[in-house]
file protein-v8.csv (CSV, N, CA and C atoms)
chain,number,residue,atom,x,y,z
A,1,GLY,N,-16.7,29.4,-0.4
A,1,GLY,CA,-16.7,28.4,-1.3
A,1,GLY,C,-15.5,27.4,-1.2
A,2,LEU,N,-15.4,26.5,-2.0
A,2,LEU,CA,-14.3,25.6,-2.0
A,2,LEU,C,-13.1,26.1,-2.8
A,3,ARG,N,-11.9,25.8,-2.3
A,3,ARG,CA,-10.7,26.2,-3.0
A,3,ARG,C,-10.5,25.2,-4.1
A,4,LYS,N,-10.2,25.7,-5.2
A,4,LYS,CA,-9.9,24.8,-6.3
A,4,LYS,C,-8.4,24.6,-6.4
A,5,ARG,N,-8.0,23.4,-6.6
A,5,ARG,CA,-6.5,23.1,-6.8
A,5,ARG,C,-6.2,23.4,-8.3
A,6,PRO,N,-5.0,24.0,-8.5
A,6,PRO,CA,-4.6,24.3,-9.9
A,6,PRO,C,-4.7,23.1,-10.7
A,7,GLU,N,-5.1,23.2,-12.0
A,7,GLU,CA,-5.3,22.1,-12.9
A,7,GLU,C,-3.9,21.4,-13.1
A,8,VAL,N,-2.8,22.1,-13.2
A,8,VAL,CA,-1.5,21.5,-13.4
A,8,VAL,C,-0.5,22.1,-12.4
A,9,VAL,N,0.0,21.2,-11.7
A,9,VAL,CA,1.1,21.6,-10.8
A,9,VAL,C,2.4,21.0,-11.4
A,10,SER,N,3.3,21.8,-11.7
A,10,SER,CA,4.5,21.3,-12.4
A,10,SER,C,5.8,21.8,-11.8
A,11,GLY,N,6.9,21.3,-12.3
A,11,GLY,CA,8.2,21.7,-11.9
A,11,GLY,C,8.5,21.4,-10.5
A,12,VAL,N,9.2,22.3,-9.8
A,12,VAL,CA,9.6,22.2,-8.5
A,12,VAL,C,8.4,22.0,-7.5
A,13,ALA,N,7.3,22.7,-7.8
A,13,ALA,CA,6.1,22.5,-6.9
A,13,ALA,C,5.6,21.1,-7.0
A,14,ALA,N,5.5,20.5,-8.1
A,14,ALA,CA,5.0,19.2,-8.3
A,14,ALA,C,5.9,18.2,-7.5
A,15,ARG,N,7.2,18.4,-7.7
A,15,ARG,CA,8.2,17.5,-7.0
A,15,ARG,C,8.1,17.6,-5.5
A,16,ALA,N,8.0,18.8,-5.0
A,16,ALA,CA,7.8,19.1,-3.6
A,16,ALA,C,6.6,18.4,-3.1
A,17,GLU,N,5.5,18.6,-3.8
A,17,GLU,CA,4.2,18.0,-3.4
A,17,GLU,C,4.3,16.4,-3.3
A,18,ALA,N,4.9,15.8,-4.3
A,18,ALA,CA,5.1,14.4,-4.4
A,18,ALA,C,6.0,13.9,-3.2
A,19,ASP,N,7.0,14.7,-2.9
A,19,ASP,CA,7.9,14.3,-1.8
A,19,ASP,C,7.2,14.4,-0.5
A,20,LEU,N,6.5,15.5,-0.3
A,20,LEU,CA,5.7,15.7,1.0
A,20,LEU,C,4.7,14.6,1.2
A,21,ARG,N,3.9,14.3,0.1
A,21,ARG,CA,2.9,13.2,0.2
A,21,ARG,C,3.5,11.9,0.5
A,22,THR,N,4.6,11.6,-0.2
A,22,THR,CA,5.3,10.3,0.0
A,22,THR,C,5.8,10.2,1.4
A,23,GLU,N,6.5,11.2,1.9
A,23,GLU,CA,7.1,11.1,3.3
A,23,GLU,C,6.0,11.1,4.4
A,24,MET,N,4.9,11.8,4.2
A,24,MET,CA,3.9,11.8,5.2
A,24,MET,C,3.2,10.5,5.3
A,25,THR,N,2.9,9.9,4.1
A,25,THR,CA,2.3,8.5,4.1
A,25,THR,C,3.3,7.5,4.6
A,26,ARG,N,4.6,7.6,4.3
A,26,ARG,CA,5.6,6.7,4.8
A,26,ARG,C,5.6,6.7,6.3
A,27,VAL,N,5.6,7.9,6.9
A,27,VAL,CA,5.7,8.0,8.4
A,27,VAL,C,4.4,7.3,9.0
A,28,PHE,N,3.3,7.6,8.4
A,28,PHE,CA,2.0,7.0,8.9
A,28,PHE,C,2.1,5.5,8.8
A,29,ILE,N,2.5,4.9,7.7
A,29,ILE,CA,2.6,3.5,7.5
A,29,ILE,C,3.7,2.9,8.4
A,30,LEU,N,4.8,3.5,8.5
A,30,LEU,CA,5.9,3.0,9.4
A,30,LEU,C,5.4,2.9,10.8
A,31,GLY,N,4.6,3.9,11.3
A,31,GLY,CA,4.0,3.8,12.6
A,31,GLY,C,3.1,2.6,12.8
A,32,GLY,N,2.3,2.3,11.7
A,32,GLY,CA,1.4,1.2,11.7
A,32,GLY,C,2.2,-0.1,11.8
A,33,HIS,N,3.3,-0.2,11.0
A,33,HIS,CA,4.2,-1.3,11.0
A,33,HIS,C,4.8,-1.6,12.4
A,34,GLY,N,5.2,-0.6,13.1
A,34,GLY,CA,5.7,-0.7,14.4
A,34,GLY,C,4.6,-1.3,15.4
A,35,GLN,N,3.4,-0.8,15.2
A,35,GLN,CA,2.3,-1.3,16.0
A,35,GLN,C,2.0,-2.8,15.7
A,36,GLN,N,2.2,-3.2,14.4
A,36,GLN,CA,2.0,-4.6,14.0
A,36,GLN,C,3.0,-5.5,14.7
A,37,LEU,N,4.3,-5.0,14.7
A,37,LEU,CA,5.3,-5.8,15.3
A,37,LEU,C,5.1,-6.0,16.8
A,38,ALA,N,4.7,-4.9,17.4
A,38,ALA,CA,4.4,-5.0,18.9
A,38,ALA,C,3.2,-5.9,19.2
A,39,THR,N,2.2,-5.8,18.4
A,39,THR,CA,1.0,-6.6,18.6
A,39,THR,C,1.3,-8.0,18.3
A,40,GLU,N,2.1,-8.3,17.4
A,40,GLU,CA,2.5,-9.7,17.0
A,40,GLU,C,3.1,-10.4,18.3
A,41,GLN,N,3.8,-9.7,19.1
A,41,GLN,CA,4.3,-10.3,20.4
A,41,GLN,C,3.2,-10.7,21.3
A,42,MET,N,2.1,-10.1,21.3
A,42,MET,CA,1.0,-10.4,22.2
A,42,MET,C,-0.1,-11.3,21.6
A,43,VAL,N,-0.1,-11.3,20.2
A,43,VAL,CA,-1.2,-12.0,19.5
A,43,VAL,C,-0.5,-13.0,18.5
A,44,PRO,N,-0.3,-14.2,19.0
A,44,PRO,CA,0.3,-15.2,18.0
A,44,PRO,C,-0.6,-15.4,16.8
A,45,GLY,N,0.1,-15.6,15.7
A,45,GLY,CA,-0.7,-15.8,14.5
A,45,GLY,C,-1.1,-14.6,13.7
A,46,LEU,N,-0.7,-13.4,14.2
A,46,LEU,CA,-1.0,-12.1,13.5
A,46,LEU,C,-0.4,-12.1,12.2
A,47,LEU,N,-1.1,-11.7,11.2
A,47,LEU,CA,-0.6,-11.7,9.8
A,47,LEU,C,-0.8,-10.3,9.3
A,48,LYS,N,-0.3,-10.0,8.1
A,48,LYS,CA,-0.5,-8.7,7.4
A,48,LYS,C,-0.8,-8.9,6.0
A,49,GLY,N,-1.6,-8.0,5.4
A,49,GLY,CA,-2.0,-8.0,4.0
A,49,GLY,C,-1.7,-6.7,3.4
A,50,TRP,N,-1.6,-6.6,2.1
A,50,TRP,CA,-1.4,-5.4,1.4
A,50,TRP,C,-2.7,-4.9,0.8
A,51,MET,N,-3.1,-3.6,1.2
A,51,MET,CA,-4.3,-3.1,0.6
A,51,MET,C,-4.0,-1.9,-0.3
A,52,ALA,N,-4.3,-2.0,-1.5
A,52,ALA,CA,-4.1,-1.0,-2.5
A,52,ALA,C,-5.3,0.0,-2.6
A,53,THR,N,-5.0,1.2,-3.0
A,53,THR,CA,-6.1,2.1,-3.4
A,53,THR,C,-6.4,1.9,-4.8
A,54,ALA,N,-7.5,1.4,-5.1
A,54,ALA,CA,-7.8,0.9,-6.5
A,54,ALA,C,-8.4,2.0,-7.3
A,55,ASP,N,-7.6,2.6,-8.1
A,55,ASP,CA,-8.1,3.6,-9.1
A,55,ASP,C,-7.1,3.6,-10.3
A,56,ALA,N,-7.3,4.4,-11.2
A,56,ALA,CA,-6.5,4.4,-12.5
A,56,ALA,C,-5.0,4.8,-12.2
A,57,ARG,N,-4.7,5.4,-11.1
A,57,ARG,CA,-3.3,5.8,-10.8
A,57,ARG,C,-2.5,4.7,-10.0
A,58,THR,N,-3.2,3.7,-9.6
A,58,THR,CA,-2.5,2.6,-8.8
A,58,THR,C,-1.7,1.8,-9.7
A,59,ARG,N,-0.4,1.5,-9.3
A,59,ARG,CA,0.5,0.7,-10.1
A,59,ARG,C,-0.1,-0.7,-10.2
A,60,PRO,N,0.1,-1.3,-11.4
A,60,PRO,CA,-0.4,-2.7,-11.5
A,60,PRO,C,0.2,-3.7,-10.5
A,61,SER,N,1.5,-3.5,-10.2
A,61,SER,CA,2.1,-4.4,-9.2
A,61,SER,C,1.5,-4.2,-7.8
A,62,HIS,N,1.0,-3.1,-7.5
A,62,HIS,CA,0.4,-2.9,-6.2
A,62,HIS,C,-1.0,-3.5,-6.2
A,63,LEU,N,-1.7,-3.4,-7.3
A,63,LEU,CA,-3.0,-4.1,-7.4
A,63,LEU,C,-2.8,-5.6,-7.3
A,64,SER,N,-1.8,-6.2,-7.9
A,64,SER,CA,-1.4,-7.6,-7.8
A,64,SER,C,-1.1,-8.0,-6.4
A,65,ALA,N,-0.3,-7.1,-5.7
A,65,ALA,CA,0.0,-7.4,-4.3
A,65,ALA,C,-1.2,-7.4,-3.4
A,66,HIS,N,-2.2,-6.5,-3.7
A,66,HIS,CA,-3.4,-6.5,-2.9
A,66,HIS,C,-4.1,-7.9,-3.1
A,67,GLN,N,-4.3,-8.3,-4.3
A,67,GLN,CA,-4.9,-9.6,-4.5
A,67,GLN,C,-4.2,-10.7,-3.9
A,68,ARG,N,-2.9,-10.8,-4.0
A,68,ARG,CA,-2.1,-11.9,-3.5
A,68,ARG,C,-2.1,-11.9,-1.9
A,69,TYR,N,-1.8,-10.7,-1.3
A,69,TYR,CA,-1.6,-10.7,0.1
A,69,TYR,C,-2.9,-10.6,0.9
A,70,MET,N,-4.0,-10.2,0.3
A,70,MET,CA,-5.3,-10.2,1.0
A,70,MET,C,-5.8,-11.7,1.0
A,71,ALA,N,-5.5,-12.4,-0.1
A,71,ALA,CA,-5.9,-13.8,-0.2
A,71,ALA,C,-5.0,-14.7,0.7
A,72,GLU,N,-3.8,-14.4,0.7
A,72,GLU,CA,-2.8,-15.2,1.4
A,72,GLU,C,-1.9,-14.3,2.2
A,73,PRO,N,-2.4,-13.8,3.4
A,73,PRO,CA,-1.6,-12.9,4.2
A,73,PRO,C,-0.3,-13.6,4.7
A,74,ILE,N,0.7,-12.7,5.1
A,74,ILE,CA,2.0,-13.2,5.5
A,74,ILE,C,2.2,-12.8,6.9
A,75,PRO,N,3.2,-13.5,7.6
A,75,PRO,CA,3.6,-13.0,8.9
A,75,PRO,C,4.1,-11.6,9.0
A,76,VAL,N,3.8,-10.9,10.0
A,76,VAL,CA,4.1,-9.5,10.2
A,76,VAL,C,5.6,-9.2,9.9
A,77,GLY,N,6.5,-10.1,10.3
A,77,GLY,CA,7.9,-9.9,10.1
A,77,GLY,C,8.5,-10.3,8.8
A,78,ALA,N,7.6,-10.8,7.9
A,78,ALA,CA,8.0,-11.2,6.5
A,78,ALA,C,7.8,-10.0,5.6
A,79,PRO,N,8.7,-9.9,4.6
A,79,PRO,CA,8.5,-8.8,3.6
A,79,PRO,C,7.5,-9.2,2.5
A,80,PHE,N,6.8,-8.2,2.0
A,80,PHE,CA,6.0,-8.3,0.8
A,80,PHE,C,6.9,-8.4,-0.4
A,81,GLU,N,6.6,-9.1,-1.4
A,81,GLU,CA,7.3,-9.0,-2.7
A,81,GLU,C,6.4,-8.2,-3.7
A,82,VAL,N,6.8,-7.1,-4.1
A,82,VAL,CA,6.0,-6.2,-4.9
A,82,VAL,C,6.9,-5.6,-6.0
A,83,GLY,N,6.5,-5.7,-7.2
A,83,GLY,CA,7.3,-5.1,-8.3
A,83,GLY,C,8.8,-5.6,-8.3
A,84,ASN,N,9.0,-6.9,-8.0
A,84,ASN,CA,10.4,-7.4,-8.0
A,84,ASN,C,11.2,-6.9,-6.9
A,85,GLU,N,10.6,-6.4,-5.8
A,85,GLU,CA,11.3,-5.9,-4.6
A,85,GLU,C,10.7,-6.4,-3.4
A,86,GLU,N,11.5,-6.4,-2.3
A,86,GLU,CA,10.9,-6.8,-1.0
A,86,GLU,C,10.7,-5.5,-0.2
A,87,LEU,N,9.5,-5.4,0.3
A,87,LEU,CA,9.1,-4.3,1.1
A,87,LEU,C,8.5,-4.8,2.4
A,88,MET,N,8.9,-4.2,3.5
A,88,MET,CA,8.3,-4.6,4.8
A,88,MET,C,6.9,-4.0,5.0
A,89,PHE,N,6.7,-2.9,4.3
A,89,PHE,CA,5.4,-2.2,4.3
A,89,PHE,C,5.3,-1.3,3.1
A,90,PRO,N,4.1,-0.9,2.7
A,90,PRO,CA,4.0,0.1,1.6
A,90,PRO,C,4.8,1.4,1.9
A,91,GLY,N,5.6,1.8,1.0
A,91,GLY,CA,6.4,3.0,1.2
A,91,GLY,C,7.7,2.8,1.8
A,92,ASP,N,8.1,1.5,2.0
A,92,ASP,CA,9.4,1.1,2.6
A,92,ASP,C,10.5,1.9,2.0
A,93,PRO,N,11.2,2.7,2.8
A,93,PRO,CA,12.3,3.5,2.3
A,93,PRO,C,13.5,2.8,1.7
A,94,THR,N,13.5,1.5,1.9
A,94,THR,CA,14.6,0.7,1.3
A,94,THR,C,14.3,0.3,-0.2
A,95,ALA,N,13.1,0.5,-0.6
A,95,ALA,CA,12.6,0.2,-1.9
A,95,ALA,C,12.9,1.3,-2.9
A,96,SER,N,12.7,1.1,-4.2
A,96,SER,CA,13.0,2.1,-5.2
A,96,SER,C,11.9,3.2,-5.2
A,97,PRO,N,12.3,4.4,-5.7
A,97,PRO,CA,11.3,5.4,-5.8
A,97,PRO,C,10.1,5.0,-6.7
A,98,GLU,N,10.4,4.2,-7.7
A,98,GLU,CA,9.4,3.7,-8.7
A,98,GLU,C,8.3,2.9,-8.0
A,99,ASN,N,8.7,2.3,-6.9
A,99,ASN,CA,7.7,1.5,-6.1
A,99,ASN,C,7.1,2.2,-4.9
A,100,THR,N,7.6,3.4,-4.6
A,100,THR,CA,7.2,4.0,-3.4
A,100,THR,C,6.6,5.5,-3.5
A,101,VAL,N,7.2,6.2,-4.5
A,101,VAL,CA,6.7,7.6,-4.6
A,101,VAL,C,5.3,7.7,-4.9
A,102,ASN,N,4.5,8.5,-4.2
A,102,ASN,CA,3.1,8.6,-4.3
A,102,ASN,C,2.3,7.4,-4.1
A,103,CYS,N,2.9,6.4,-3.4
A,103,CYS,CA,2.1,5.1,-3.1
A,103,CYS,C,1.1,5.5,-2.0
A,104,ARG,N,-0.1,5.0,-2.3
A,104,ARG,CA,-1.2,5.2,-1.3
A,104,ARG,C,-1.7,4.0,-0.7
A,105,CYS,N,-1.0,2.9,-0.8
A,105,CYS,CA,-1.3,1.6,-0.2
A,105,CYS,C,-1.1,1.6,1.3
A,106,THR,N,-1.6,0.6,1.9
A,106,THR,CA,-1.4,0.4,3.4
A,106,THR,C,-1.3,-1.0,3.7
A,107,SER,N,-0.8,-1.3,4.9
A,107,SER,CA,-0.7,-2.7,5.4
A,107,SER,C,-1.8,-2.9,6.4
A,108,VAL,N,-2.5,-4.0,6.3
A,108,VAL,CA,-3.6,-4.3,7.3
A,108,VAL,C,-3.3,-5.5,8.1
A,109,ARG,N,-3.7,-5.5,9.3
A,109,ARG,CA,-3.5,-6.7,10.2
A,109,ARG,C,-4.7,-7.7,10.0
A,110,LEU,N,-4.3,-8.9,10.0
A,110,LEU,CA,-5.3,-10.0,9.8
A,110,LEU,C,-4.9,-11.1,10.8
A,111,HIS,N,-5.8,-11.9,11.2
A,111,HIS,CA,-5.5,-13.0,12.1
A,111,HIS,C,-6.0,-14.4,11.5
A,112,SER,N,-5.2,-15.4,11.6
A,112,SER,CA,-5.5,-16.7,10.9
A,112,SER,C,-6.8,-17.3,11.5
A,113,VAL,N,-7.1,-17.1,12.7
A,113,VAL,CA,-8.3,-17.7,13.3
A,113,VAL,C,-9.6,-17.0,12.7
A,114,LEU,N,-9.5,-15.7,12.5
A,114,LEU,CA,-10.6,-14.9,12.0
A,114,LEU,C,-10.8,-15.0,10.5
A,115,GLY,N,-9.7,-15.5,9.8
A,115,GLY,CA,-9.8,-15.6,8.4
A,115,GLY,C,-9.6,-14.2,7.7
A,116,VAL,N,-9.7,-14.2,6.4
A,116,VAL,CA,-9.5,-13.0,5.6
A,116,VAL,C,-10.9,-12.6,5.1
A,117,ASN,N,-11.3,-11.5,5.4
A,117,ASN,CA,-12.6,-11.0,5.0
A,117,ASN,C,-12.5,-10.1,3.7
A,118,GLU,N,-13.3,-10.3,2.8
A,118,GLU,CA,-13.3,-9.5,1.6
A,118,GLU,C,-13.6,-8.0,2.0
A,119,THR,N,-12.9,-7.1,1.4
A,119,THR,CA,-13.2,-5.7,1.7
A,119,THR,C,-13.8,-5.0,0.5
A,120,LEU,N,-14.3,-3.9,0.7
A,120,LEU,CA,-14.9,-3.1,-0.4
A,120,LEU,C,-13.8,-2.8,-1.5
A,121,MET,N,-12.6,-2.7,-1.0
A,121,MET,CA,-11.5,-2.4,-1.9
A,121,MET,C,-11.2,-3.5,-2.8
A,122,ASP,N,-11.4,-4.8,-2.4
A,122,ASP,CA,-11.2,-6.0,-3.2
A,122,ASP,C,-11.9,-5.9,-4.5
A,123,THR,N,-13.2,-5.5,-4.5
A,123,THR,CA,-14.0,-5.3,-5.7
A,123,THR,C,-13.4,-4.3,-6.6
A,124,ALA,N,-13.0,-3.2,-6.0
A,124,ALA,CA,-12.4,-2.1,-6.8
A,124,ALA,C,-11.1,-2.5,-7.4
A,125,VAL,N,-10.2,-3.3,-6.7
A,125,VAL,CA,-9.0,-3.8,-7.2
A,125,VAL,C,-9.3,-4.7,-8.4
A,126,GLN,N,-10.2,-5.6,-8.3
A,126,GLN,CA,-10.5,-6.5,-9.4
A,126,GLN,C,-10.9,-5.7,-10.6
A,127,GLY,N,-11.7,-4.6,-10.5
A,127,GLY,CA,-12.1,-3.8,-11.6
A,127,GLY,C,-10.9,-3.1,-12.3
A,128,GLN,N,-9.8,-2.8,-11.5
A,128,GLN,CA,-8.7,-2.1,-12.1
A,128,GLN,C,-7.7,-3.1,-12.7
A,129,ILE,N,-7.7,-4.3,-12.3
A,129,ILE,CA,-6.7,-5.3,-12.8
A,129,ILE,C,-6.6,-5.3,-14.3
A,130,GLY,N,-7.7,-5.3,-15.0
A,130,GLY,CA,-7.7,-5.5,-16.4
A,130,GLY,C,-7.6,-4.2,-17.2
A,131,ARG,N,-7.5,-3.1,-16.6
A,131,ARG,CA,-7.4,-1.8,-17.3
A,131,ARG,C,-6.3,-1.8,-18.3
A,132,GLY,N,-6.5,-1.2,-19.4
A,132,GLY,CA,-5.4,-1.0,-20.4
A,132,GLY,C,-5.2,-2.3,-21.3
A,133,LYS,N,-5.8,-3.4,-20.9
A,133,LYS,CA,-5.5,-4.6,-21.7
A,133,LYS,C,-6.5,-4.7,-22.9
A,134,ASN,N,-7.6,-4.1,-22.8
A,134,ASN,CA,-8.6,-4.1,-23.9
A,134,ASN,C,-8.7,-2.9,-24.7
A,135,GLY,N,-7.9,-1.9,-24.4
A,135,GLY,CA,-8.1,-0.6,-25.0
A,135,GLY,C,-6.9,-0.1,-25.7
call {"tool": "encode", "arguments": {"input": "protein-v8.csv", "output": "structure tokens"}}
result
Amino acid sequence: GLRKRPEVVSGVAARAEADLRTEMTRVFILGGHGQQLATEQMVPGLLKGWMATADARTRPSHLSAHQRYMAEPIPVGAPFEVGNEELMFPGDPTASPENTVNCRCTSVRLHSVLGVNETLMDTAVQGQIGRGKNG
């Protein structure tokens, strides 16, 4: 059968899990950022966008970054402005823990000639933007 995760992970175990998830994601995204920088040298006009994971756990500032940077991508070498901080990529270690711990966002490559295509996540982000305002 399937292993069930404990309903509540708390204390040191919860902190260790958050740290591990954050650092593993950070390493993955950092590798992607390095690839973006290398690709930018070969593909003029390469841009990047911020893609959030749209669910009830996603920070409102990350949902806003998704909307902003998928609609208006920026050069690969420019920082994202998210939650009043500059981040080169989601999980950037120079940013605060409040903006990076357990972040599940990613950076996507886009090209100005190809335009910006709507993704399935765009609809989910739009659905999450208004949460908590009417309840």
call {"tool": "select_by_dssp", "arguments": {"input": "protein-v8.csv", "residues": "range 47-108 of chain A", "states": "alpha helix (DSSP H)", "output": "ChimeraX atom specification"}}
result
/A:60-71,97-100
call {"tool": "atom_distance", "arguments": {"input": "protein-v8.csv", "atom1": "atom C of Glu81 in chain A", "atom2": "atom N of Trp50 in chain A"}}
result
10.0 Å
call {"tool": "atom_distance", "arguments": {"input": "protein-v8.csv", "atom1": "atom C of Met88 in chain A", "atom2": "atom C of Ala65 in chain A"}}
result
12.2 Å
call {"tool": "closest_residue", "arguments": {"input": "protein-v8.csv", "among": "A:Cys103, A:Lys48, A:Gly31, A:Thr25", "to": "Pro75 in chain A", "atoms": "only C-alpha atoms"}}
result
A:Lys48
call {"tool": "atom_distance", "arguments": {"input": "protein-v8.csv", "atom1": "CA of Val101 in chain A", "atom2": "CA of Gly49 in chain A"}}
result
19.8 Å
call {"tool": "decode", "arguments": {"input": "protein-v8.csv", "residues": "range 29-58 of chain A", "atoms": "N, CA and C atoms", "output": "PDB file, in the first residue's frame"}}
result
ATOM      1  N   ILE A  29      16.866  25.220  -8.885  1.00  0.00           N
ATOM      2  CA  ILE A  29      16.587  26.502  -9.543  1.00  0.00           C
ATOM      3  C   ILE A  29      17.897  27.221  -9.877  1.00  0.00           C
ATOM      4  N   LEU A  30      18.884  27.148  -8.998  1.00  0.00           N
ATOM      5  CA  LEU A  30      20.187  27.771  -9.258  1.00  0.00           C
ATOM      6  C   LEU A  30      20.823  27.171 -10.510  1.00  0.00           C
ATOM      7  N   GLY A  31      20.715  25.860 -10.676  1.00  0.00           N
ATOM      8  CA  GLY A  31      21.221  25.213 -11.887  1.00  0.00           C
ATOM      9  C   GLY A  31      20.512  25.727 -13.125  1.00  0.00           C
ATOM     10  N   GLY A  32      19.201  25.889 -13.036  1.00  0.00           N
ATOM     11  CA  GLY A  32      18.435  26.439 -14.152  1.00  0.00           C
ATOM     12  C   GLY A  32      18.833  27.869 -14.470  1.00  0.00           C
ATOM     13  N   HIS A  33      19.104  28.650 -13.441  1.00  0.00           N
ATOM     14  CA  HIS A  33      19.534  30.034 -13.640  1.00  0.00           C
ATOM     15  C   HIS A  33      20.886  30.067 -14.364  1.00  0.00           C
ATOM     16  N   GLY A  34      21.781  29.189 -13.985  1.00  0.00           N
ATOM     17  CA  GLY A  34      23.066  29.094 -14.670  1.00  0.00           C
ATOM     18  C   GLY A  34      22.888  28.744 -16.149  1.00  0.00           C
ATOM     19  N   GLN A  35      21.954  27.835 -16.433  1.00  0.00           N
ATOM     20  CA  GLN A  35      21.655  27.481 -17.819  1.00  0.00           C
ATOM     21  C   GLN A  35      21.072  28.680 -18.571  1.00  0.00           C
ATOM     22  N   GLN A  36      20.219  29.453 -17.906  1.00  0.00           N
ATOM     23  CA  GLN A  36      19.644  30.648 -18.541  1.00  0.00           C
ATOM     24  C   GLN A  36      20.743  31.633 -18.912  1.00  0.00           C
ATOM     25  N   LEU A  37      21.676  31.857 -17.999  1.00  0.00           N
ATOM     26  CA  LEU A  37      22.765  32.798 -18.266  1.00  0.00           C
ATOM     27  C   LEU A  37      23.630  32.323 -19.436  1.00  0.00           C
ATOM     28  N   ALA A  38      23.914  31.029 -19.492  1.00  0.00           N
ATOM     29  CA  ALA A  38      24.718  30.479 -20.593  1.00  0.00           C
ATOM     30  C   ALA A  38      23.954  30.561 -21.912  1.00  0.00           C
ATOM     31  N   THR A  39      22.668  30.245 -21.881  1.00  0.00           N
ATOM     32  CA  THR A  39      21.853  30.279 -23.095  1.00  0.00           C
ATOM     33  C   THR A  39      21.707  31.705 -23.611  1.00  0.00           C
ATOM     34  N   GLU A  40      21.619  32.663 -22.690  1.00  0.00           N
ATOM     35  CA  GLU A  40      21.474  34.065 -23.077  1.00  0.00           C
ATOM     36  C   GLU A  40      22.639  34.517 -23.967  1.00  0.00           C
ATOM     37  N   GLN A  41      23.828  33.956 -23.764  1.00  0.00           N
ATOM     38  CA  GLN A  41      24.991  34.305 -24.573  1.00  0.00           C
ATOM     39  C   GLN A  41      24.825  33.834 -26.027  1.00  0.00           C
ATOM     40  N   MET A  42      24.065  32.775 -26.229  1.00  0.00           N
ATOM     41  CA  MET A  42      23.878  32.215 -27.571  1.00  0.00           C
ATOM     42  C   MET A  42      22.568  32.645 -28.221  1.00  0.00           C
ATOM     43  N   VAL A  43      21.606  33.060 -27.400  1.00  0.00           N
ATOM     44  CA  VAL A  43      20.274  33.409 -27.897  1.00  0.00           C
ATOM     45  C   VAL A  43      19.928  34.824 -27.460  1.00  0.00           C
ATOM     46  N   PRO A  44      20.272  35.808 -28.292  1.00  0.00           N
ATOM     47  CA  PRO A  44      19.935  37.185 -27.931  1.00  0.00           C
ATOM     48  C   PRO A  44      18.420  37.352 -27.761  1.00  0.00           C
ATOM     49  N   GLY A  45      18.044  38.152 -26.793  1.00  0.00           N
ATOM     50  CA  GLY A  45      16.621  38.394 -26.550  1.00  0.00           C
ATOM     51  C   GLY A  45      15.977  37.418 -25.587  1.00  0.00           C
ATOM     52  N   LEU A  46      16.770  36.512 -25.022  1.00  0.00           N
ATOM     53  CA  LEU A  46      16.216  35.553 -24.074  1.00  0.00           C
ATOM     54  C   LEU A  46      15.749  36.294 -22.828  1.00  0.00           C
ATOM     55  N   LEU A  47      14.578  35.959 -22.363  1.00  0.00           N
ATOM     56  CA  LEU A  47      13.984  36.599 -21.191  1.00  0.00           C
ATOM     57  C   LEU A  47      13.623  35.528 -20.174  1.00  0.00           C
ATOM     58  N   LYS A  48      13.263  35.976 -18.972  1.00  0.00           N
ATOM     59  CA  LYS A  48      12.812  35.028 -17.954  1.00  0.00           C
ATOM     60  C   LYS A  48      11.516  35.528 -17.331  1.00  0.00           C
ATOM     61  N   GLY A  49      10.722  34.583 -16.884  1.00  0.00           N
ATOM     62  CA  GLY A  49       9.481  34.871 -16.181  1.00  0.00           C
ATOM     63  C   GLY A  49       9.449  34.104 -14.869  1.00  0.00           C
ATOM     64  N   TRP A  50       8.580  34.524 -13.987  1.00  0.00           N
ATOM     65  CA  TRP A  50       8.418  33.883 -12.673  1.00  0.00           C
ATOM     66  C   TRP A  50       7.169  33.026 -12.737  1.00  0.00           C
ATOM     67  N   MET A  51       7.291  31.741 -12.424  1.00  0.00           N
ATOM     68  CA  MET A  51       6.130  30.859 -12.421  1.00  0.00           C
ATOM     69  C   MET A  51       5.888  30.342 -11.010  1.00  0.00           C
ATOM     70  N   ALA A  52       4.748  30.718 -10.472  1.00  0.00           N
ATOM     71  CA  ALA A  52       4.361  30.301  -9.121  1.00  0.00           C
ATOM     72  C   ALA A  52       3.608  28.982  -9.180  1.00  0.00           C
ATOM     73  N   THR A  53       3.620  28.277  -8.067  1.00  0.00           N
ATOM     74  CA  THR A  53       2.746  27.131  -7.872  1.00  0.00           C
ATOM     75  C   THR A  53       1.487  27.694  -7.237  1.00  0.00           C
ATOM     76  N   ALA A  54       0.393  27.626  -7.940  1.00  0.00           N
ATOM     77  CA  ALA A  54      -0.820  28.313  -7.502  1.00  0.00           C
ATOM     78  C   ALA A  54      -1.704  27.409  -6.653  1.00  0.00           C
ATOM     79  N   ASP A  55      -1.582  27.567  -5.363  1.00  0.00           N
ATOM     80  CA  ASP A  55      -2.487  26.895  -4.439  1.00  0.00           C
ATOM     81  C   ASP A  55      -2.590  27.743  -3.174  1.00  0.00           C
ATOM     82  N   ALA A  56      -3.296  27.260  -2.189  1.00  0.00           N
ATOM     83  CA  ALA A  56      -3.560  28.042  -0.981  1.00  0.00           C
ATOM     84  C   ALA A  56      -2.302  28.336  -0.166  1.00  0.00           C
ATOM     85  N   ARG A  57      -1.210  27.613  -0.409  1.00  0.00           N
ATOM     86  CA  ARG A  57       0.028  27.847   0.347  1.00  0.00           C
ATOM     87  C   ARG A  57       0.949  28.877  -0.307  1.00  0.00           C
ATOM     88  N   THR A  58       0.649  29.289  -1.524  1.00  0.00           N
ATOM     89  CA  THR A  58       1.541  30.197  -2.250  1.00  0.00           C
ATOM     90  C   THR A  58       1.426  31.612  -1.713  1.00  0.00           C
TER      91      THR A  58
END
